[in-house]
Amino acid sequence: MADFIPMSRAGYEKLMAELKHLEEVEMPRAAERVAEARAQGDLRENAEYHGARETQGMIQAKINLLRDKLSRAHIVETASMPRDEVRFGATVRVRDLDFGEEEEFTLVGDGEVDCDRGHILVTSPLGQGLLGHKAGERVEIAVPRGTLRFEILEIRYEQ
């Protein structure tokens, strides 16, 4: 695991908003449900109490995970990066050399992953395999299901 977690300012702000919502809205709600269930009496056979405690524990685990990610966050400013090779924030259009299909991936940090839109973690095997390469290059990337073979067709940066 990396000591720092690369992310954009927008990804950082999204995680901060999620943390704030969990701490200020969801956790107090969960605590209230626990208190209400506790007031019903015998806790040994009180399924509502046990369910509320479990929910509270899951919320706390998510809070802890977000705090950890945010404490190790490294905001990446893409403006000063080379534009001719794949880096954090790049949108990469590739051709799958085995199937001939074109795909597009944007390398993002935590808080911005959206597989349906092709936004993948820069720290994923696919993201790591694309990093540092230039348009026209062919890459082979080992992933859990085998080896992906791509030709990089285009690299662009949104900002």
# chains A, B, ... in the order shown; residues from 1 in each chain; ligands from 1
>>> residues_around(residues="A:Val122", least_positions_apart="4", cutoff="7 Å", atoms="only C-alpha atoms", output="list in words")
Phe88, Leu107, Val108, Gly109, Gly127 and Gln128 of chain A
>>> residues_around(residues="stretch 60-77 of chain A", least_positions_apart="4", cutoff="6 Å", atoms="only C-alpha atoms", output="list in words")
Phe4, Ile5, Pro6, Met7, Ser8 and Arg9 of chain A
>>> write_last_selection(atoms="N, CA and C atoms", output="short mmCIF file (atom, residue, chain, number, x, y, z; two decimals), in the first residue's frame")
data_model
loop_
_atom_site.label_atom_id
_atom_site.label_comp_id
_atom_site.auth_asym_id
_atom_site.auth_seq_id
_atom_site.Cartn_x
_atom_site.Cartn_y
_atom_site.Cartn_z
N PHE A 4 1.00 7.53 0.34
CA PHE A 4 0.07 8.60 0.05
C PHE A 4 -0.93 8.12 -1.00
N ILE A 5 -2.05 8.82 -1.05
CA ILE A 5 -3.11 8.46 -1.99
C ILE A 5 -3.29 9.65 -2.94
N PRO A 6 -2.97 9.46 -4.23
CA PRO A 6 -3.15 10.56 -5.17
C PRO A 6 -4.63 10.84 -5.42
N MET A 7 -4.98 12.12 -5.45
CA MET A 7 -6.35 12.50 -5.78
C MET A 7 -6.38 13.95 -6.22
N SER A 8 -7.42 14.28 -6.93
CA SER A 8 -7.60 15.66 -7.37
C SER A 8 -8.25 16.46 -6.23
N ARG A 9 -8.25 17.74 -6.38
CA ARG A 9 -8.90 18.60 -5.39
C ARG A 9 -10.39 18.24 -5.31
#
>>> closest_atom_pairs(of="stretch 22-121 of chain A", to="stretch 140-158 of chain A", cutoff="8 Å", atoms="only C-alpha atoms", output="tab-separated table")
residue	atom	partner	partner_atom	distance
A:Arg83	CA	A:Arg156	CA	7.3
A:Asp84	CA	A:Ile155	CA	7.0
A:Glu85	CA	A:Ile155	CA	6.9
A:Val86	CA	A:Ile155	CA	6.6
A:Gly89	CA	A:Tyr157	CA	6.6
A:Ala90	CA	A:Tyr157	CA	5.0
A:Thr91	CA	A:Arg156	CA	5.3
A:Val92	CA	A:Ile155	CA	4.7
A:Arg93	CA	A:Glu154	CA	5.1
A:Val94	CA	A:Ile152	CA	4.5
A:Arg95	CA	A:Glu151	CA	5.2
A:Asp96	CA	A:Phe150	CA	4.7
A:Leu97	CA	A:Phe150	CA	5.4
A:Asp98	CA	A:Arg149	CA	6.7
>>> select_by_dssp(residues="chain A", states="alpha helix (DSSP H)", output="MDAnalysis selection string")
chainID A and resid 9:21 27:38 47:71 125:130
>>> atom_distance(atom1="atom CA of A:Glu104", atom2="atom CA of A:Lys14")
23.4 Å
>>> closest_residue(among="A:Val139, A:Ala52, A:Cys115, A:Leu19", to="A:Glu32", atoms="only C-alpha atoms")
A:Ala52
>>> atom_distance(atom1="atom CA of A:Glu13", atom2="atom CA of A:Gly111")
8.5 Å
>>> select_by_dssp(residues="chain A", states="strand (DSSP E)", output="JSON list (two decimals) with N, CA and C atoms, in the first residue's frame")
[["chain", "number", "residue", "atom", "x", "y", "z"],
["A", 5, "ILE", "N", -2.05, 8.82, -1.05],
["A", 5, "ILE", "CA", -3.11, 8.46, -1.99],
["A", 5, "ILE", "C", -3.29, 9.65, -2.94],
["A", 6, "PRO", "N", -2.97, 9.46, -4.23],
["A", 6, "PRO", "CA", -3.15, 10.56, -5.17],
["A", 6, "PRO", "C", -4.63, 10.84, -5.42],
["A", 7, "MET", "N", -4.98, 12.12, -5.45],
["A", 7, "MET", "CA", -6.35, 12.50, -5.78],
["A", 7, "MET", "C", -6.38, 13.95, -6.22],
["A", 73, "ALA", "N", -3.92, 11.74, 1.80],
["A", 73, "ALA", "CA", -4.20, 12.31, 0.48],
["A", 73, "ALA", "C", -3.06, 13.19, 0.01],
["A", 74, "HIS", "N", -2.77, 13.08, -1.27],
["A", 74, "HIS", "CA", -1.79, 13.93, -1.94],
["A", 74, "HIS", "C", -2.51, 14.55, -3.13],
["A", 75, "ILE", "N", -2.78, 15.85, -3.04],
["A", 75, "ILE", "CA", -3.49, 16.54, -4.12],
["A", 75, "ILE", "C", -2.53, 16.69, -5.29],
["A", 90, "ALA", "N", -5.13, 12.01, -16.84],
["A", 90, "ALA", "CA", -5.18, 11.85, -18.29],
["A", 90, "ALA", "C", -6.39, 11.02, -18.71],
["A", 91, "THR", "N", -6.94, 11.37, -19.85],
["A", 91, "THR", "CA", -7.93, 10.54, -20.51],
["A", 91, "THR", "C", -7.20, 9.87, -21.67],
["A", 92, "VAL", "N", -7.24, 8.55, -21.68],
["A", 92, "VAL", "CA", -6.46, 7.76, -22.63],
["A", 92, "VAL", "C", -7.40, 6.95, -23.51],
["A", 93, "ARG", "N", -7.28, 7.14, -24.82],
["A", 93, "ARG", "CA", -8.05, 6.33, -25.77],
["A", 93, "ARG", "C", -7.12, 5.24, -26.28],
["A", 94, "VAL", "N", -7.56, 3.99, -26.16],
["A", 94, "VAL", "CA", -6.74, 2.85, -26.54],
["A", 94, "VAL", "C", -7.51, 1.93, -27.48],
["A", 95, "ARG", "N", -6.76, 1.12, -28.21],
["A", 95, "ARG", "CA", -7.35, 0.05, -29.02],
["A", 95, "ARG", "C", -6.92, -1.26, -28.40],
["A", 96, "ASP", "N", -7.89, -2.11, -28.10],
["A", 96, "ASP", "CA", -7.60, -3.44, -27.58],
["A", 96, "ASP", "C", -7.04, -4.26, -28.74],
["A", 102, "GLU", "N", -12.08, -0.02, -29.43],
["A", 102, "GLU", "CA", -11.49, 1.16, -28.79],
["A", 102, "GLU", "C", -12.19, 1.38, -27.46],
["A", 103, "GLU", "N", -11.38, 1.78, -26.48],
["A", 103, "GLU", "CA", -11.90, 2.10, -25.15],
["A", 103, "GLU", "C", -11.26, 3.39, -24.69],
["A", 104, "GLU", "N", -11.87, 4.01, -23.70],
["A", 104, "GLU", "CA", -11.32, 5.25, -23.16],
["A", 104, "GLU", "C", -11.33, 5.17, -21.64],
["A", 105, "PHE", "N", -10.22, 5.54, -21.04],
["A", 105, "PHE", "CA", -10.08, 5.52, -19.58],
["A", 105, "PHE", "C", -9.57, 6.87, -19.11],
["A", 106, "THR", "N", -10.07, 7.32, -17.98],
["A", 106, "THR", "CA", -9.55, 8.51, -17.33],
["A", 106, "THR", "C", -8.97, 8.06, -16.00],
["A", 107, "LEU", "N", -7.70, 8.41, -15.74],
["A", 107, "LEU", "CA", -7.02, 7.99, -14.53],
["A", 107, "LEU", "C", -7.30, 9.00, -13.43],
["A", 108, "VAL", "N", -8.01, 8.53, -12.40],
["A", 108, "VAL", "CA", -8.46, 9.40, -11.31],
["A", 108, "VAL", "C", -8.01, 8.85, -9.97],
["A", 119, "HIS", "N", -13.82, 6.02, -15.61],
["A", 119, "HIS", "CA", -12.93, 6.66, -14.63],
["A", 119, "HIS", "C", -12.39, 5.58, -13.71],
["A", 120, "ILE", "N", -11.10, 5.29, -13.85],
["A", 120, "ILE", "CA", -10.48, 4.20, -13.09],
["A", 120, "ILE", "C", -9.40, 4.76, -12.17],
["A", 121, "LEU", "N", -9.13, 4.04, -11.09],
["A", 121, "LEU", "CA", -8.09, 4.47, -10.15],
["A", 121, "LEU", "C", -6.72, 4.44, -10.82],
["A", 138, "ARG", "N", 2.59, 0.53, -27.66],
["A", 138, "ARG", "CA", 1.81, -0.66, -27.32],
["A", 138, "ARG", "C", 2.22, -1.10, -25.92],
["A", 139, "VAL", "N", 1.22, -1.48, -25.13],
["A", 139, "VAL", "CA", 1.49, -1.90, -23.76],
["A", 139, "VAL", "C", 0.81, -3.23, -23.48],
["A", 140, "GLU", "N", 1.45, -4.00, -22.63],
["A", 140, "GLU", "CA", 0.85, -5.23, -22.11],
["A", 140, "GLU", "C", 0.73, -5.06, -20.61],
["A", 141, "ILE", "N", -0.47, -5.29, -20.11],
["A", 141, "ILE", "CA", -0.75, -5.04, -18.70],
["A", 141, "ILE", "C", -1.30, -6.31, -18.06],
["A", 142, "ALA", "N", -0.60, -6.78, -17.04],
["A", 142, "ALA", "CA", -1.05, -7.96, -16.31],
["A", 142, "ALA", "C", -2.17, -7.55, -15.35],
["A", 143, "VAL", "N", -3.31, -8.20, -15.49],
["A", 143, "VAL", "CA", -4.45, -7.97, -14.60],
["A", 143, "VAL", "C", -4.89, -9.34, -14.08],
["A", 146, "GLY", "N", -5.79, -12.02, -16.64],
["A", 146, "GLY", "CA", -4.86, -12.32, -17.73],
["A", 146, "GLY", "C", -4.03, -11.11, -18.10],
["A", 147, "THR", "N", -3.75, -10.97, -19.39],
["A", 147, "THR", "CA", -2.95, -9.86, -19.88],
["A", 147, "THR", "C", -3.76, -9.07, -20.90],
["A", 148, "LEU", "N", -3.81, -7.75, -20.68],
["A", 148, "LEU", "CA", -4.47, -6.85, -21.62],
["A", 148, "LEU", "C", -3.40, -6.27, -22.55],
["A", 149, "ARG", "N", -3.71, -6.21, -23.83],
["A", 149, "ARG", "CA", -2.78, -5.63, -24.80],
["A", 149, "ARG", "C", -3.47, -4.46, -25.49],
["A", 150, "PHE", "N", -2.86, -3.28, -25.36],
["A", 150, "PHE", "CA", -3.44, -2.06, -25.92],
["A", 150, "PHE", "C", -2.43, -1.32, -26.77],
["A", 151, "GLU", "N", -2.95, -0.57, -27.73],
["A", 151, "GLU", "CA", -2.18, 0.46, -28.40],
["A", 151, "GLU", "C", -2.77, 1.78, -27.95],
["A", 152, "ILE", "N", -1.92, 2.69, -27.48],
["A", 152, "ILE", "CA", -2.40, 3.99, -27.02],
["A", 152, "ILE", "C", -2.59, 4.88, -28.24],
["A", 153, "LEU", "N", -3.83, 5.32, -28.45],
["A", 153, "LEU", "CA", -4.18, 6.12, -29.62],
["A", 153, "LEU", "C", -4.11, 7.62, -29.34],
["A", 154, "GLU", "N", -4.54, 8.02, -28.14],
["A", 154, "GLU", "CA", -4.63, 9.46, -27.83],
["A", 154, "GLU", "C", -4.53, 9.65, -26.32],
["A", 155, "ILE", "N", -3.90, 10.76, -25.96],
["A", 155, "ILE", "CA", -3.81, 11.16, -24.55],
["A", 155, "ILE", "C", -4.28, 12.61, -24.51],
["A", 156, "ARG", "N", -5.22, 12.88, -23.62],
["A", 156, "ARG", "CA", -5.64, 14.28, -23.47],
["A", 156, "ARG", "C", -5.93, 14.59, -22.00],
["A", 157, "TYR", "N", -5.87, 15.85, -21.69],
["A", 157, "TYR", "CA", -6.13, 16.34, -20.35],
["A", 157, "TYR", "C", -7.25, 17.35, -20.42]]
